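Inspection log for the structure reproduced underneath, given as structure tokens.
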Amino acid sequence: MIKVNCLNPISKLGTDLLNDKYEMTDDFSQADVALVRSAAMHDLDMPESLVAIARAGAGVNNIPLEECAKKGIVVFNTPGANANGVKELVLCGMLLASRDILGGNQWVQANKEDENIGKTMEKAKKNFAGNEIKGKKLGVIGLGAIGRLIANAAVSLGMEVYGNDPYISVEGALSLKREIHLVKTREEIFKECDFITLHTPLLDDTKEMINKDTIAMMKDGVVVLNFARDLLVCDDDMEQALNSGKVKKYVTDFPNAKTAKMQGVIATPHLGASTEESEDNCAVMAVNEIMDFMENGNIVNSVNYPKCDLGICTKASRVTICHRNIPNMIGQFASAVAAEGINVADMVDKSRNDYAYAILDIDAPATDSLVAKLQSLDGVIKVRVVK
């Protein structure tokens, strides 16, 4: 039995997919697989039995990726499963920044005991007038699963949309509406757009990319939205820009001790994927990834090992190998199998930075002797017999 431990509550729509090969356990130290959402794993002792972790969500900052890679623990995430939930919240953020809906609501609450509120509000409402988003220019930095949905939705709302993503896939580009202007640099978006929304990972190139220098390029009264990573924006520079009026509103899903107190900030407590639908979608995707990995050895959507897929095994046996990305590993695998008098029927080996992953389909059952030979090879991290 494959033992599965949930470090956070996981939607039953996902866990109910597990068949009779799997057994749920509350003991992480005995787990073969872990399902997690936000639980911090950096201080956990990873058990020897653990071969996979699936994060029901996109961000993996709560998981020690390098430590897992060194131990041959494949870490999955679920990119795109929560994309619609985030898209809707970004659109909501744009509307909240354009129309003083929050101020109007606060006025209603403050005057709810007024028996003549129906009349007094007609005088008060002028204090909460705003602008429409139709016809405004929206810049989308990062055109992944979420960014593309936002860009397309904004076009449907009548906005003029600019997008930038040097790593956009062909499939991603083809999914964009033709009205979207693809630009080569972020600077073009900084200079042109009334709204700028961020949807990039946190990299050396993107850390604090919204700062005093880039803000200086922007239009007066620009609205900046950050539903991706808190460190994409320099809080000190944003505070100065808000105080001066250069930035009209900063909408963020990542409040901290500083931004929560800043004037001009509209903050939500990391609600981007906090919908029942997103949680269900993430759970289903995470469980399907785990089942394909455990039953077929295939890796899809890993963040520390390469994508590697050999379909469903139709041969006598399948062996998977997590290993270092160093020369002559494939030759050594083939030699080890041949030394057992077994033929390799099919094989794939993929690498990602310092690590690699191989799937071997062989024409005879994998013996304990073969597993021992493979495991003893210099550079091999973990060998697993899938079938």
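Residues in the structure tokens are named by chain (A, B, ... in the order shown) and by number from 1 within that chain; ligands are numbered from 1 in the order shown.
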
Practice task
Just the residues within 6 Å of Ile180 of chain A, please, counting only C-alpha atoms, with nothing from its chain fewer than 3 positions along; format it as a VMD selection string.
Solution key: chain A and resid 161 to 162 177

Selected residues, N, CA, C and O atoms, written as a PDB file, in the first residue's frame, please.
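Result written to again.pdb:
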```
ATOM      1  N   VAL A 161      -4.922  46.295 -23.951  1.00  0.00           N
ATOM      2  CA  VAL A 161      -4.060  45.429 -23.149  1.00  0.00           C
ATOM      3  C   VAL A 161      -2.683  45.270 -23.787  1.00  0.00           C
ATOM      4  O   VAL A 161      -2.562  44.989 -24.981  1.00  0.00           O
ATOM      5  N   TYR A 162      -1.654  45.436 -22.950  1.00  0.00           N
ATOM      6  CA  TYR A 162      -0.267  45.212 -23.336  1.00  0.00           C
ATOM      7  C   TYR A 162       0.268  44.060 -22.494  1.00  0.00           C
ATOM      8  O   TYR A 162       0.006  43.996 -21.284  1.00  0.00           O
ATOM      9  N   LYS A 177      -5.850  36.697 -27.083  1.00  0.00           N
ATOM     10  CA  LYS A 177      -6.677  37.372 -28.088  1.00  0.00           C
ATOM     11  C   LYS A 177      -5.793  38.259 -28.962  1.00  0.00           C
ATOM     12  O   LYS A 177      -4.817  38.833 -28.501  1.00  0.00           O
TER      13      LYS A 177
END
```

Problem - Selection near Glu48 of chain A, 12 Å with only C-alpha atoms, sequence-local residues under 2 positions removed, as a list of chain:residue names - result: A:Phe28, A:Ser29, A:Gln30, A:Ala31, A:Asp32, A:Val33, A:Asp45, A:Met46, A:Leu50, A:Val51, A:Ala52, A:Cys68, A:Lys71, A:Gly72, A:Ile73, A:Ile381, A:Lys382

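Note that the spacing between atom CA of Leu310 of chain A and atom CA of Gly57 of chain A amounts to 25.0 Å.
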
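Nearest to Val348 of chain A of all the residues A:Thr320, A:Thr120, A:Ser278, A:Ser49 is A:Thr320, counting only C-alpha atoms.
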
Problem - 10 Å contact set for Asn84 of chain A, only C-alpha atoms, chain neighbours under 5 positions out, as a PyMOL selection string - result: chain A and resi 89-90+145-146+149-150+272-273+275+277-278

Let me see the file: selected residues, all heavy atoms, as a PDB file, in the first residue's frame.
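Output below, filename part-v6.pdb:
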```
ATOM      1  N   LEU A  89     -10.098  37.814  -8.883  1.00  0.00           N
ATOM      2  CA  LEU A  89      -9.725  38.736  -7.812  1.00  0.00           C
ATOM      3  C   LEU A  89      -8.939  39.924  -8.358  1.00  0.00           C
ATOM      4  O   LEU A  89      -9.076  41.048  -7.864  1.00  0.00           O
ATOM      5  CB  LEU A  89      -8.916  38.005  -6.741  1.00  0.00           C
ATOM      6  CG  LEU A  89      -8.748  38.770  -5.421  1.00  0.00           C
ATOM      7  CD1 LEU A  89     -10.102  39.044  -4.777  1.00  0.00           C
ATOM      8  CD2 LEU A  89      -7.871  37.986  -4.453  1.00  0.00           C
ATOM      9  N   VAL A  90      -8.107  39.708  -9.376  1.00  0.00           N
ATOM     10  CA  VAL A  90      -7.384  40.823 -10.002  1.00  0.00           C
ATOM     11  C   VAL A  90      -8.360  41.794 -10.650  1.00  0.00           C
ATOM     12  O   VAL A  90      -8.227  43.024 -10.514  1.00  0.00           O
ATOM     13  CB  VAL A  90      -6.370  40.293 -11.041  1.00  0.00           C
ATOM     14  CG1 VAL A  90      -5.763  41.447 -11.840  1.00  0.00           C
ATOM     15  CG2 VAL A  90      -5.264  39.509 -10.349  1.00  0.00           C
ATOM     16  N   ALA A 145      -0.389  31.073 -16.979  1.00  0.00           N
ATOM     17  CA  ALA A 145      -1.792  30.649 -16.927  1.00  0.00           C
ATOM     18  C   ALA A 145      -2.705  31.754 -16.411  1.00  0.00           C
ATOM     19  O   ALA A 145      -3.809  31.963 -16.934  1.00  0.00           O
ATOM     20  CB  ALA A 145      -1.909  29.409 -16.041  1.00  0.00           C
ATOM     21  N   ILE A 146      -2.267  32.495 -15.392  1.00  0.00           N
ATOM     22  CA  ILE A 146      -3.094  33.554 -14.816  1.00  0.00           C
ATOM     23  C   ILE A 146      -3.054  34.802 -15.684  1.00  0.00           C
ATOM     24  O   ILE A 146      -4.100  35.375 -16.008  1.00  0.00           O
ATOM     25  CB  ILE A 146      -2.629  33.873 -13.383  1.00  0.00           C
ATOM     26  CG1 ILE A 146      -2.828  32.658 -12.473  1.00  0.00           C
ATOM     27  CG2 ILE A 146      -3.374  35.084 -12.819  1.00  0.00           C
ATOM     28  CD1 ILE A 146      -2.195  32.794 -11.102  1.00  0.00           C
ATOM     29  N   LEU A 149      -5.263  34.705 -18.787  1.00  0.00           N
ATOM     30  CA  LEU A 149      -6.697  34.846 -18.503  1.00  0.00           C
ATOM     31  C   LEU A 149      -7.073  36.297 -18.231  1.00  0.00           C
ATOM     32  O   LEU A 149      -8.117  36.788 -18.691  1.00  0.00           O
ATOM     33  CB  LEU A 149      -7.089  33.975 -17.305  1.00  0.00           C
ATOM     34  CG  LEU A 149      -7.096  32.466 -17.496  1.00  0.00           C
ATOM     35  CD1 LEU A 149      -7.553  31.787 -16.210  1.00  0.00           C
ATOM     36  CD2 LEU A 149      -7.994  32.049 -18.646  1.00  0.00           C
ATOM     37  N   ILE A 150      -6.230  36.989 -17.473  1.00  0.00           N
ATOM     38  CA  ILE A 150      -6.503  38.395 -17.157  1.00  0.00           C
ATOM     39  C   ILE A 150      -6.449  39.243 -18.419  1.00  0.00           C
ATOM     40  O   ILE A 150      -7.327  40.095 -18.649  1.00  0.00           O
ATOM     41  CB  ILE A 150      -5.490  38.909 -16.116  1.00  0.00           C
ATOM     42  CG1 ILE A 150      -5.716  38.205 -14.775  1.00  0.00           C
ATOM     43  CG2 ILE A 150      -5.593  40.423 -15.945  1.00  0.00           C
ATOM     44  CD1 ILE A 150      -4.595  38.384 -13.795  1.00  0.00           C
ATOM     45  N   GLY A 272      -6.129  35.029  -3.315  1.00  0.00           N
ATOM     46  CA  GLY A 272      -6.153  34.742  -4.745  1.00  0.00           C
ATOM     47  C   GLY A 272      -6.755  33.400  -5.110  1.00  0.00           C
ATOM     48  O   GLY A 272      -7.606  33.308  -5.989  1.00  0.00           O
ATOM     49  N   ALA A 273      -6.329  32.357  -4.439  1.00  0.00           N
ATOM     50  CA  ALA A 273      -6.823  31.013  -4.755  1.00  0.00           C
ATOM     51  C   ALA A 273      -7.816  30.507  -3.719  1.00  0.00           C
ATOM     52  O   ALA A 273      -8.135  29.314  -3.709  1.00  0.00           O
ATOM     53  CB  ALA A 273      -5.646  30.049  -4.851  1.00  0.00           C
ATOM     54  N   THR A 275     -10.884  30.023  -3.186  1.00  0.00           N
ATOM     55  CA  THR A 275     -12.252  29.718  -3.599  1.00  0.00           C
ATOM     56  C   THR A 275     -12.421  28.206  -3.521  1.00  0.00           C
ATOM     57  O   THR A 275     -11.449  27.452  -3.634  1.00  0.00           O
ATOM     58  CB  THR A 275     -12.541  30.179  -5.045  1.00  0.00           C
ATOM     59  OG1 THR A 275     -11.760  29.390  -5.955  1.00  0.00           O
ATOM     60  CG2 THR A 275     -12.200  31.646  -5.226  1.00  0.00           C
ATOM     61  N   GLU A 277     -13.736  26.380  -5.685  1.00  0.00           N
ATOM     62  CA  GLU A 277     -13.404  25.813  -6.991  1.00  0.00           C
ATOM     63  C   GLU A 277     -11.900  25.653  -7.169  1.00  0.00           C
ATOM     64  O   GLU A 277     -11.421  24.628  -7.666  1.00  0.00           O
ATOM     65  CB  GLU A 277     -13.975  26.692  -8.107  1.00  0.00           C
ATOM     66  CG  GLU A 277     -15.489  26.748  -8.168  1.00  0.00           C
ATOM     67  CD  GLU A 277     -16.116  27.782  -7.236  1.00  0.00           C
ATOM     68  OE1 GLU A 277     -15.375  28.383  -6.427  1.00  0.00           O
ATOM     69  OE2 GLU A 277     -17.336  27.988  -7.319  1.00  0.00           O
ATOM     70  N   SER A 278     -11.136  26.672  -6.764  1.00  0.00           N
ATOM     71  CA  SER A 278      -9.684  26.587  -6.890  1.00  0.00           C
ATOM     72  C   SER A 278      -9.116  25.473  -6.025  1.00  0.00           C
ATOM     73  O   SER A 278      -8.236  24.714  -6.456  1.00  0.00           O
ATOM     74  CB  SER A 278      -9.035  27.920  -6.499  1.00  0.00           C
ATOM     75  OG  SER A 278      -9.253  28.901  -7.481  1.00  0.00           O
TER      76      SER A 278
END
```

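Backbone DSSP assigns helix (DSSP H, G or I) in segment 177-256 of chain A to Arg186, Glu187, Glu188, Ile189, Phe190, Lys191, Glu192, Lys212, Asp213, Thr214, Ile215, Ala216, Met217, Asp230, Leu231, Leu232, Asp235, Asp236, Asp237, Met238, Glu239, Gln240, Ala241, Leu242, Asn243 and Ser244 of chain A.
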
Practice task
Please measure the separation of atom CA of Met24 of chain A and atom CA of Val4 of chain A, giving the value in Å to one decimal.
Solution key: 4.8 Å

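In terms of minimum interatomic distance to Val222 of chain A, A:Met94 ranks closest within A:Met209, A:Ala358, A:Ala283, A:Met94, counting only C-alpha atoms.
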
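Put simply, atom CA of Asp165 of chain A is 18.2 Å away from atom CA of Ala58 of chain A.
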
Exercise for the section: With a distance cut-off of 9 Å and only C-alpha atoms, select the neighbouring residues of segment 132-141 of chain A, excluding the residue or stretch itself and same-chain residues fewer than 2 positions from it, and output the selection as a PyMOL selection string. Expected result: chain A and resi 94-95+98-99+130+143+147-148+150-151+154+157-165+186+188-190+192-200

Output C-alpha atoms for every residue in the selection just made, as an mmCIF file, in the first residue's frame.
```
data_model
loop_
_atom_site.group_PDB
_atom_site.id
_atom_site.type_symbol
_atom_site.label_atom_id
_atom_site.label_comp_id
_atom_site.auth_asym_id
_atom_site.auth_seq_id
_atom_site.Cartn_x
_atom_site.Cartn_y
_atom_site.Cartn_z
ATOM 1 C CA MET A 94 -8.929 46.920 -10.627
ATOM 2 C CA LEU A 95 -12.544 47.860 -9.981
ATOM 3 C CA SER A 98 -11.071 52.661 -9.920
ATOM 4 C CA ARG A 99 -14.318 53.119 -8.045
ATOM 5 C CA GLY A 130 -14.454 57.074 -9.579
ATOM 6 C CA LEU A 143 1.668 35.777 -19.451
ATOM 7 C CA GLY A 147 -1.719 36.451 -16.841
ATOM 8 C CA ARG A 148 -3.257 35.155 -20.065
ATOM 9 C CA ILE A 150 -6.503 38.395 -17.157
ATOM 10 C CA ALA A 151 -5.302 39.806 -20.472
ATOM 11 C CA ALA A 154 -9.575 42.742 -19.879
ATOM 12 C CA LEU A 157 -14.078 44.520 -20.762
ATOM 13 C CA GLY A 158 -12.959 47.074 -23.331
ATOM 14 C CA MET A 159 -9.454 47.711 -22.065
ATOM 15 C CA GLU A 160 -6.400 48.184 -24.264
ATOM 16 C CA VAL A 161 -4.060 45.429 -23.149
ATOM 17 C CA TYR A 162 -0.267 45.212 -23.336
ATOM 18 C CA GLY A 163 1.566 42.032 -22.371
ATOM 19 C CA ASN A 164 5.195 41.154 -21.714
ATOM 20 C CA ASP A 165 6.707 37.723 -21.157
ATOM 21 C CA ARG A 186 8.652 45.738 -19.179
ATOM 22 C CA GLU A 188 7.163 49.755 -22.443
ATOM 23 C CA ILE A 189 4.433 48.727 -20.042
ATOM 24 C CA PHE A 190 5.729 51.015 -17.294
ATOM 25 C CA GLU A 192 2.260 53.288 -21.406
ATOM 26 C CA CYS A 193 -0.219 51.767 -18.988
ATOM 27 C CA ASP A 194 -2.814 53.077 -16.547
ATOM 28 C CA PHE A 195 -2.946 49.740 -14.721
ATOM 29 C CA ILE A 196 -0.012 47.352 -14.262
ATOM 30 C CA THR A 197 -0.556 43.834 -12.942
ATOM 31 C CA LEU A 198 2.294 41.487 -11.997
ATOM 32 C CA HIS A 199 2.283 37.748 -12.694
ATOM 33 C CA THR A 200 5.903 36.612 -12.676
#
```

Exercise for the section: Pick out the residues sitting within 12 Å of Leu35 of chain A, and hand them over as a VMD selection string; count only C-alpha atoms, and ignore anything fewer than 2 positions along from it in its own chain. Expected result: chain A and resid 3 to 11 14 to 15 24 to 26 28 31 to 33 37 to 39 41 50 to 57 63 75 to 78 282 to 291
